[in-house]
>>> print(open('upload.txt').read())   # compact mmCIF, C-alpha atoms and all ligand atoms
# COMPACT_ATOMS: atom_id res chain seq x y z
CA MET A 184 -30.86 -1.43 149.82
CA LYS A 185 -33.50 -2.04 152.46
CA GLU A 186 -32.12 -2.33 156.01
CA PHE A 187 -32.89 -5.82 157.15
CA ASN A 188 -31.43 -8.10 159.76
CA ILE A 189 -32.17 -11.50 158.26
CA ASN A 190 -30.72 -13.33 161.26
CA SER A 191 -33.35 -11.83 163.55
CA LEU A 192 -35.98 -13.67 161.48
CA VAL A 193 -34.24 -17.07 161.56
CA ARG A 194 -35.06 -19.80 164.11
CA LYS A 195 -32.33 -20.00 166.75
CA ASN A 196 -31.65 -23.73 166.28
CA ILE A 197 -31.13 -23.13 162.54
CA LEU A 198 -28.70 -20.25 163.18
CA GLU A 199 -26.65 -22.60 165.36
CA LEU A 200 -26.80 -25.52 162.93
CA GLN A 201 -23.53 -26.69 161.41
CA PRO A 202 -23.96 -27.63 157.74
CA TYR A 203 -22.96 -31.12 156.60
CA ILE A 204 -19.93 -30.52 154.39
CA SER A 205 -18.92 -33.05 151.75
CA PHE A 206 -15.14 -32.58 151.77
CA ARG A 207 -14.63 -33.66 148.17
CA ASP A 208 -17.28 -31.22 146.88
CA HIS A 209 -15.66 -28.27 148.62
CA ASN A 210 -12.10 -28.89 147.40
CA GLU A 211 -10.38 -29.16 144.04
CA PHE A 212 -8.70 -32.45 143.09
CA LYS A 213 -7.13 -33.48 139.80
CA ASN A 214 -7.60 -37.24 139.83
CA PRO A 215 -8.69 -38.35 143.32
CA VAL A 216 -8.95 -41.90 144.64
CA LEU A 217 -12.37 -41.83 146.27
CA LEU A 218 -12.31 -43.92 149.44
CA ASP A 219 -14.12 -41.45 151.67
CA ALA A 220 -17.85 -42.10 151.29
CA ASN A 221 -18.34 -45.89 151.47
CA GLU A 222 -19.64 -45.97 147.92
CA SER A 223 -19.22 -48.95 145.65
CA PRO A 224 -16.32 -48.70 143.21
CA PHE A 225 -18.49 -50.55 140.65
CA GLY A 226 -21.46 -49.46 138.58
CA GLU A 227 -22.80 -46.51 136.67
CA LEU A 228 -24.47 -44.47 139.39
CA ASN A 229 -22.04 -45.53 142.10
CA ARG A 230 -20.96 -42.05 143.18
CA TYR A 231 -22.93 -39.55 145.23
CA PRO A 232 -23.98 -36.51 143.21
CA ASP A 233 -22.31 -33.11 143.72
CA SER A 234 -23.91 -31.82 146.93
CA THR A 235 -23.15 -28.23 145.90
CA GLN A 236 -24.62 -28.55 142.37
CA LYS A 237 -21.70 -26.43 141.10
CA GLU A 238 -22.08 -27.03 137.39
CA LEU A 239 -25.81 -26.30 137.27
CA LYS A 240 -25.36 -23.14 139.35
CA GLN A 241 -22.56 -22.00 137.04
CA LYS A 242 -24.81 -22.42 133.99
CA LEU A 243 -27.74 -20.66 135.68
CA SER A 244 -25.43 -17.90 136.81
CA GLU A 245 -24.40 -17.22 133.20
CA ILE A 246 -27.96 -17.35 131.87
CA LYS A 247 -29.55 -15.23 134.61
CA ASN A 248 -26.59 -13.03 135.41
CA ILE A 249 -26.88 -13.86 139.12
CA SER A 250 -23.89 -14.87 141.21
CA THR A 251 -23.63 -18.60 142.07
CA ASP A 252 -23.77 -17.91 145.82
CA GLN A 253 -27.22 -16.41 145.29
CA ILE A 254 -28.60 -19.67 143.84
CA ALA A 255 -29.91 -22.75 145.68
CA VAL A 256 -31.10 -25.95 143.99
CA GLY A 257 -33.97 -27.99 145.39
CA ASN A 258 -35.71 -31.30 144.75
CA GLY A 259 -38.46 -29.34 143.01
CA SER A 260 -39.54 -25.93 144.31
CA ASP A 261 -41.65 -27.95 146.73
CA GLU A 262 -38.54 -28.86 148.71
CA LEU A 263 -37.48 -25.20 148.75
CA ILE A 264 -40.90 -24.13 150.08
CA ASP A 265 -40.56 -26.73 152.84
CA LEU A 266 -37.03 -25.55 153.73
CA ILE A 267 -38.02 -21.87 153.77
CA VAL A 268 -40.82 -22.61 156.25
CA LYS A 269 -38.43 -24.64 158.42
CA ILE A 270 -35.72 -21.94 158.43
CA PHE A 271 -37.92 -19.03 159.47
CA CYS A 272 -41.00 -20.39 161.24
CA GLU A 273 -40.85 -21.56 164.82
CA PRO A 274 -43.32 -24.48 165.20
CA LYS A 275 -46.49 -23.61 167.15
CA LYS A 276 -45.46 -19.94 167.28
CA ASP A 277 -44.96 -18.35 163.86
CA SER A 278 -47.30 -18.06 160.91
CA ILE A 279 -47.14 -17.71 157.14
CA LEU A 280 -49.25 -15.48 154.89
CA ILE A 281 -50.70 -16.83 151.64
CA MET A 282 -52.99 -15.46 148.98
CA ASN A 283 -56.42 -17.05 148.75
CA PRO A 284 -56.89 -18.77 146.35
CA SER A 285 -53.32 -19.83 145.59
CA PHE A 286 -50.99 -22.84 145.43
CA ALA A 287 -51.78 -25.45 148.08
CA MET A 288 -48.24 -26.52 148.98
CA TYR A 289 -47.41 -23.42 151.07
CA GLY A 290 -50.12 -24.28 153.59
CA PHE A 291 -49.25 -27.98 153.40
CA TYR A 292 -45.65 -27.51 154.54
CA ALA A 293 -46.59 -24.86 157.11
CA SER A 294 -49.11 -27.26 158.65
CA ILE A 295 -46.52 -30.05 158.86
CA ASN A 296 -44.23 -27.60 160.69
CA GLU A 297 -47.18 -26.59 162.94
CA ASN A 298 -47.36 -23.01 161.71
CA LYS A 299 -50.61 -21.08 161.31
CA VAL A 300 -51.63 -20.22 157.76
CA ILE A 301 -53.12 -16.77 157.38
CA LYS A 302 -55.15 -16.23 154.23
CA LEU A 303 -55.27 -12.99 152.32
CA ASP A 304 -58.48 -13.13 150.26
CA LEU A 305 -58.06 -11.88 146.69
CA ASN A 306 -60.73 -9.61 145.18
CA GLU A 307 -63.13 -10.64 142.37
CA ASN A 308 -60.38 -10.08 139.78
CA PHE A 309 -58.00 -12.22 141.87
CA GLU A 310 -55.89 -9.18 142.80
CA ILE A 311 -54.47 -8.41 146.23
CA VAL A 312 -56.20 -5.57 148.09
CA LYS A 313 -53.25 -3.54 149.36
CA ASN A 314 -55.04 -2.28 152.46
CA ASP A 315 -56.03 -5.81 153.48
CA PHE A 316 -52.42 -6.87 153.03
CA LEU A 317 -51.12 -4.03 155.22
CA LYS A 318 -53.73 -4.63 157.92
CA ILE A 319 -53.26 -8.40 158.06
CA SER A 320 -49.43 -8.19 158.05
CA ALA A 321 -49.46 -5.62 160.86
CA GLY A 322 -52.00 -7.59 162.88
CA PHE A 323 -50.69 -11.16 162.61
CA LYS A 324 -47.00 -10.44 161.91
CA PRO A 325 -46.49 -13.50 159.69
CA LYS A 326 -42.84 -14.48 159.13
CA VAL A 327 -43.11 -15.46 155.45
CA PHE A 328 -45.40 -14.24 152.66
CA PHE A 329 -45.80 -16.58 149.69
CA LEU A 330 -46.72 -14.45 146.68
CA CYS A 331 -47.45 -16.52 143.59
CA SER A 332 -47.25 -14.67 140.25
CA PRO A 333 -48.58 -15.74 137.79
CA ASN A 334 -50.87 -17.23 140.41
CA ASN A 335 -51.98 -20.85 140.46
CA PRO A 336 -54.95 -21.56 140.05
CA THR A 337 -56.13 -18.14 138.85
CA GLY A 338 -53.57 -17.59 136.07
CA ASN A 339 -53.18 -13.83 136.56
CA VAL A 340 -50.05 -11.82 137.24
CA ILE A 341 -49.91 -9.89 140.54
CA GLU A 342 -49.15 -6.24 139.82
CA ASP A 343 -46.69 -4.10 141.77
CA VAL A 344 -44.95 -6.97 143.56
CA GLU A 345 -42.30 -4.54 144.82
CA PHE A 346 -44.91 -2.89 147.06
CA TYR A 347 -45.41 -6.17 148.96
CA ILE A 348 -41.69 -6.84 149.29
CA LYS A 349 -41.06 -3.32 150.51
CA ASN A 350 -43.91 -3.30 153.00
CA PHE A 351 -43.50 -6.72 154.58
CA ASN A 352 -41.57 -7.19 157.80
CA GLY A 353 -40.42 -10.68 156.99
CA ILE A 354 -39.44 -12.88 154.08
CA VAL A 355 -41.30 -12.51 150.78
CA VAL A 356 -41.20 -15.55 148.52
CA VAL A 357 -42.21 -14.74 144.94
CA ASP A 358 -43.12 -18.04 143.28
CA GLU A 359 -42.50 -17.66 139.55
CA ALA A 360 -43.33 -21.22 138.46
CA TYR A 361 -45.15 -19.88 135.38
CA ILE A 362 -43.11 -16.74 134.67
CA GLU A 363 -41.85 -18.00 131.28
CA PHE A 364 -45.40 -18.03 129.88
CA SER A 365 -46.20 -14.51 131.08
CA GLY A 366 -43.71 -12.44 129.10
CA LYS A 367 -43.16 -10.49 132.35
CA LYS A 368 -39.85 -9.61 133.94
CA SER A 369 -38.64 -11.78 136.79
CA CYS A 370 -38.39 -10.34 140.29
CA THR A 371 -34.77 -11.51 140.37
CA GLU A 372 -33.93 -7.97 139.25
CA LEU A 373 -35.10 -6.78 142.71
CA LEU A 374 -32.71 -9.06 144.60
CA GLU A 375 -30.05 -6.41 145.05
CA LYS A 376 -32.52 -4.02 146.60
CA TYR A 377 -34.28 -6.42 148.97
CA PRO A 378 -32.37 -8.96 151.09
CA ASN A 379 -35.71 -10.36 152.36
CA LEU A 380 -36.71 -11.52 148.86
CA ILE A 381 -36.62 -15.12 147.63
CA VAL A 382 -37.57 -15.86 144.01
CA LEU A 383 -38.58 -19.44 143.16
CA GLN A 384 -38.44 -20.88 139.66
CA THR A 385 -38.80 -24.45 138.44
CA PHE A 386 -37.91 -26.83 135.63
CA SER A 387 -41.33 -28.49 136.00
CA LYS A 388 -43.43 -26.25 133.74
CA ALA A 389 -41.99 -24.32 130.75
CA TRP A 390 -38.84 -26.47 130.71
CA GLY A 391 -40.97 -29.61 130.48
CA MET A 392 -39.00 -31.52 133.11
CA ALA A 393 -41.43 -32.16 135.98
CA GLY A 394 -40.12 -35.73 136.22
CA ALA A 395 -36.62 -34.53 137.10
CA ARG A 396 -37.82 -32.68 140.25
CA VAL A 397 -35.57 -29.62 140.14
CA GLY A 398 -36.48 -26.16 141.45
CA ILE A 399 -34.32 -23.08 141.97
CA ALA A 400 -34.24 -20.36 144.62
CA TYR A 401 -32.59 -16.98 143.95
CA SER A 402 -31.98 -14.80 146.99
CA SER A 403 -29.45 -12.91 149.10
CA LYS A 404 -26.21 -14.70 149.96
CA GLU A 405 -27.32 -14.95 153.61
CA ILE A 406 -30.59 -16.72 152.79
CA ILE A 407 -28.99 -19.02 150.20
CA LYS A 408 -26.42 -20.03 152.80
CA LEU A 409 -29.22 -20.93 155.21
CA ILE A 410 -30.99 -23.02 152.55
CA ASN A 411 -27.73 -24.84 151.77
CA THR A 412 -27.25 -25.48 155.48
CA VAL A 413 -30.63 -27.11 156.08
CA LYS A 414 -31.05 -29.03 152.82
CA SER A 415 -30.25 -32.74 152.64
CA PRO A 416 -26.69 -32.84 151.28
CA TYR A 417 -27.49 -34.94 148.20
CA ASN A 418 -30.99 -33.56 147.62
CA VAL A 419 -30.87 -33.66 143.81
CA ASN A 420 -29.90 -36.98 142.24
CA ALA A 421 -27.20 -37.40 139.60
CA LEU A 422 -29.57 -38.47 136.79
CA SER A 423 -31.71 -35.35 137.18
CA LEU A 424 -28.75 -33.02 137.59
CA ASN A 425 -27.09 -34.30 134.42
CA LYS A 426 -30.31 -34.17 132.43
CA ILE A 427 -31.05 -30.61 133.52
CA ILE A 428 -27.50 -29.44 132.73
CA GLU A 429 -27.85 -31.02 129.29
CA THR A 430 -31.25 -29.40 128.65
CA ILE A 431 -30.31 -25.98 129.88
CA THR A 432 -27.73 -25.64 127.14
CA LYS A 433 -30.45 -26.25 124.55
CA GLN A 434 -32.47 -23.15 125.19
CA GLU A 435 -34.19 -23.67 121.83
CA VAL A 436 -36.15 -26.60 123.27
CA THR A 437 -37.68 -24.48 125.98
CA LYS A 438 -38.34 -21.62 123.62
CA ASN A 439 -40.25 -24.01 121.36
CA ASN A 440 -42.19 -25.44 124.32
CA ILE A 441 -43.28 -21.97 125.34
CA GLU A 442 -44.16 -20.87 121.81
CA ASN A 443 -46.22 -24.01 121.20
CA THR A 444 -48.03 -23.55 124.50
CA LEU A 445 -48.85 -19.95 123.59
CA ILE A 446 -50.23 -21.08 120.22
CA GLU A 447 -52.42 -23.64 121.99
CA ILE A 448 -53.58 -21.02 124.48
CA SER A 449 -54.92 -18.76 121.76
CA TRP A 450 -56.49 -21.70 119.91
CA LEU A 451 -58.16 -22.96 123.09
CA LYS A 452 -59.36 -19.50 124.10
CA ASN A 453 -61.33 -19.16 120.85
CA GLU A 454 -62.73 -22.66 121.18
CA PHE A 455 -63.77 -22.16 124.83
CA GLU A 456 -65.56 -18.94 124.04
CA ALA A 457 -67.72 -20.67 121.45
CA ILE A 458 -68.92 -23.35 123.86
CA ASN A 459 -72.39 -23.11 125.39
CA CYS A 460 -71.71 -24.29 128.92
CA VAL A 461 -68.72 -21.96 129.34
CA GLN A 462 -69.69 -18.88 131.39
CA LYS A 463 -66.33 -17.18 131.63
CA VAL A 464 -62.80 -17.70 130.41
CA TYR A 465 -60.39 -15.94 132.75
CA SER A 466 -57.39 -14.46 130.99
CA THR A 467 -54.22 -16.41 131.65
CA HIS A 468 -50.50 -15.70 131.93
CA ALA A 469 -49.70 -19.35 132.61
CA ASN A 470 -50.07 -22.74 130.88
CA PHE A 471 -53.59 -23.34 132.18
CA PHE A 472 -57.05 -21.80 132.07
CA LEU A 473 -59.45 -21.10 134.87
CA ILE A 474 -62.92 -21.54 133.41
CA GLU A 475 -66.34 -20.90 134.89
CA PHE A 476 -69.07 -23.29 133.76
CA GLU A 477 -72.83 -23.18 133.86
CA ASN A 478 -73.12 -26.57 135.51
CA VAL A 479 -69.69 -27.30 136.84
CA GLU A 480 -70.42 -30.62 138.55
CA LYS A 481 -71.92 -32.12 135.40
CA VAL A 482 -69.13 -30.80 133.18
CA TYR A 483 -66.43 -32.15 135.49
CA LYS A 484 -68.16 -35.53 135.65
CA LYS A 485 -68.58 -35.66 131.89
CA LEU A 486 -64.87 -34.92 131.40
CA LEU A 487 -63.94 -37.63 133.90
CA GLU A 488 -66.20 -40.18 132.19
CA ASN A 489 -64.14 -39.49 129.07
CA GLU A 490 -60.92 -39.87 131.07
CA ILE A 491 -60.07 -36.20 130.68
CA LEU A 492 -58.54 -35.19 134.00
CA THR A 493 -58.88 -31.57 135.08
CA SER A 494 -58.70 -29.78 138.42
CA LYS A 495 -62.06 -28.83 139.92
CA ARG A 496 -61.70 -25.60 141.91
CA SER A 497 -65.37 -25.35 142.84
CA PRO A 498 -66.62 -24.66 145.50
CA GLN A 499 -63.55 -22.64 146.62
CA ILE A 500 -63.73 -20.73 143.33
CA PRO A 501 -67.43 -21.11 142.54
CA ASN A 502 -68.25 -23.03 139.34
CA CYS A 503 -64.63 -23.13 138.17
CA ILE A 504 -62.34 -25.79 136.75
CA ARG A 505 -58.63 -25.33 136.12
CA ILE A 506 -57.64 -26.87 132.81
CA ASN A 507 -54.06 -27.43 131.72
CA VAL A 508 -53.08 -26.55 128.15
CA GLY A 509 -52.21 -29.80 126.38
CA ASN A 510 -50.95 -30.54 122.89
CA ARG A 511 -53.32 -30.09 119.93
CA GLU A 512 -54.53 -33.67 120.06
CA GLU A 513 -55.34 -33.46 123.77
CA ASN A 514 -56.95 -30.06 123.42
CA THR A 515 -59.09 -31.30 120.53
CA GLN A 516 -60.35 -34.19 122.68
CA LEU A 517 -61.15 -31.77 125.49
CA ILE A 518 -63.10 -29.42 123.23
CA LYS A 519 -65.00 -32.31 121.65
CA VAL A 520 -66.30 -33.43 125.04
CA LEU A 521 -67.07 -29.89 126.19
CA LYS A 522 -69.15 -29.35 123.03
CA GLN A 523 -71.35 -32.27 124.06
CA CYS A 524 -72.05 -30.53 127.36
CA LYS A 525 -74.63 -28.22 125.84
CA THR A 526 -77.02 -31.16 125.81
CA ILE A 527 -76.69 -31.90 129.56
C1 LIG A 601 -46.18 -26.36 139.69
C2 LIG A 601 -45.84 -25.35 140.69
C3 LIG A 601 -44.59 -25.35 141.33
C4 LIG A 601 -43.55 -26.35 140.93
O1 LIG A 601 -43.23 -27.20 141.92
P1 LIG A 601 -42.03 -28.22 141.66
O2 LIG A 601 -41.87 -28.82 143.00
O3 LIG A 601 -40.85 -27.42 141.22
O4 LIG A 601 -42.48 -29.19 140.62
C5 LIG A 601 -44.31 -24.37 142.23
N1 LIG A 601 -45.19 -23.40 142.50
C6 LIG A 601 -46.37 -23.36 141.90
C7 LIG A 601 -47.31 -22.25 142.19
C8 LIG A 601 -46.75 -24.34 140.99
O5 LIG A 601 -47.95 -24.29 140.41
>>> encode(input="upload.txt", output="structure tokens", more="lines below")
Ligand SMILES: *Cc1c(COP(=O)(O)O)cnc(C)c1O
Amino acid sequence: MKEFNINSLVRKNILELQPYISFRDHNEFKNPVLLDANESPFGELNRYPDSTQKELKQKLSEIKNISTDQIAVGNGSDELIDLIVKIFCEPKKDSILIMNPSFAMYGFYASINENKVIKLDLNENFEIVKNDFLKISAGFKPKVFFLCSPNNPTGNVIEDVEFYIKNFNGIVVVDEAYIEFSGKKSCTELLEKYPNLIVLQTFSKAWGMAGARVGIAYSSKEIIKLINTVKSPYNVNALSLNKIIETITKQEVTKNNIENTLIEISWLKNEFEAINCVQKVYSTHANFFLIEFENVEKVYKKLLENEILTSKRSPQIPNCIRINVGNREENTQLIKVLKQCKTI
């Protein structure tokens, strides 16, 4: 176990903060008369949801073999990213470290909290250069490092994640939004060794439940307690909680989602490689492709004219578009339009 005093990294006002405790959620009752929360006694959704998300945590605990007090539930991982920045980063003083290119939301929440965003440029294969990482961390002393693997928008897995956790004097957040597509092991297995590690997962991608807005953080008991202290008490609504609990018991559904996505990935890869205007198909461990085109502006425009929405990454990643893997019908439409691009 790495020696780490988490409290020395936490903002003072957060350390002193008293959590809002919903009395009914923290005690056992057999058949209570609920006159404590000014709810309506009528209606279907009349009661506040469980602020501690007990049942979902219990299910996750069984599936992942992680204790319930090492699990926090957020309104999407986005909320968890926001809370992590707020817990550790003093406004106008502290900074975060992000990979470049990577997911935009880390910088978004840091900017709202008035924290500097330090960018660690990836090399031409979208890998981290270890020496750059060591130099930048020592120089700027960022509080939190957001490490996204598989990375969005590049699609590759970051190798040797343990090196970055071990060699960072702050909190390392490993964002595993796409882990289910990668076939790789989750970093949750490193939790016992590193109390400065937070692993984020989400129901928005492989689970097919982006509309429910539910994300999960796995970490040390100390950090999970801090997240539970700063989160809005009823941050995940009852409809979403129930739906997620229902879905999680049907693991077959997710397995099928992933398998179908992987089939579409290999189908699309072949199709892309046969298309004239495609310069390069980056290999992917996620449910999207990063593709380099000969004339990216024209291709993107052509797709838009056909109401095919993609994510243009150029000029940040020169000549590249990030394209989500759809179902066969959607993918066929995409390929049909791309085939016409040879004439432009
Ligand atoms: C999509 C995505 C998420 C998921 O965010 P939610 O708020 O859970 O929907 C998180 N991280 C990355 C890198 C993503 O691409």
>>> residues_around(input="upload.txt", residues="Asp315 of chain A", least_positions_apart="4", cutoff="10 Å", atoms="only C-alpha atoms", output="MDAnalysis selection string")
chainID A and resid 303:305 311 319:321
>>> closest_atom_pairs(input="upload.txt", of="segment 490-515 of chain A", to="segment 275-289 of chain A", cutoff="10 Å", atoms="only C-alpha atoms", output="tab-separated table")
residue	atom	partner	partner_atom	distance
A:Arg496	CA	A:Pro284	CA	9.5
A:Gln499	CA	A:Pro284	CA	7.7
A:Ile500	CA	A:Pro284	CA	7.7
>>> residues_near_ligand(input="upload.txt", ligand="ligand LIG 601 (chain A)", cutoff="8 Å", atoms="all atoms listed in the file", output="PyMOL selection string")
chain A and resi 258-262+285-286+288+331-336+358-361+383-388+393+396-399
>>> atom_distance(input="upload.txt", atom1="atom CA of Ile406 of chain A", atom2="atom CA of Lys299 of chain A")
22.2 Å
>>> residues_around(input="upload.txt", residues="Gln241 of chain A", least_positions_apart="4", cutoff="12 Å", atoms="only C-alpha atoms", output="list in words")
Thr235, Gln236, Lys237, Glu245, Ile246, Lys247, Asn248, Ile249, Ser250, Thr251, Asp252, Gln253, Ile254, Ala255, Val256, Ile428, Ile431 and Thr432 of chain A
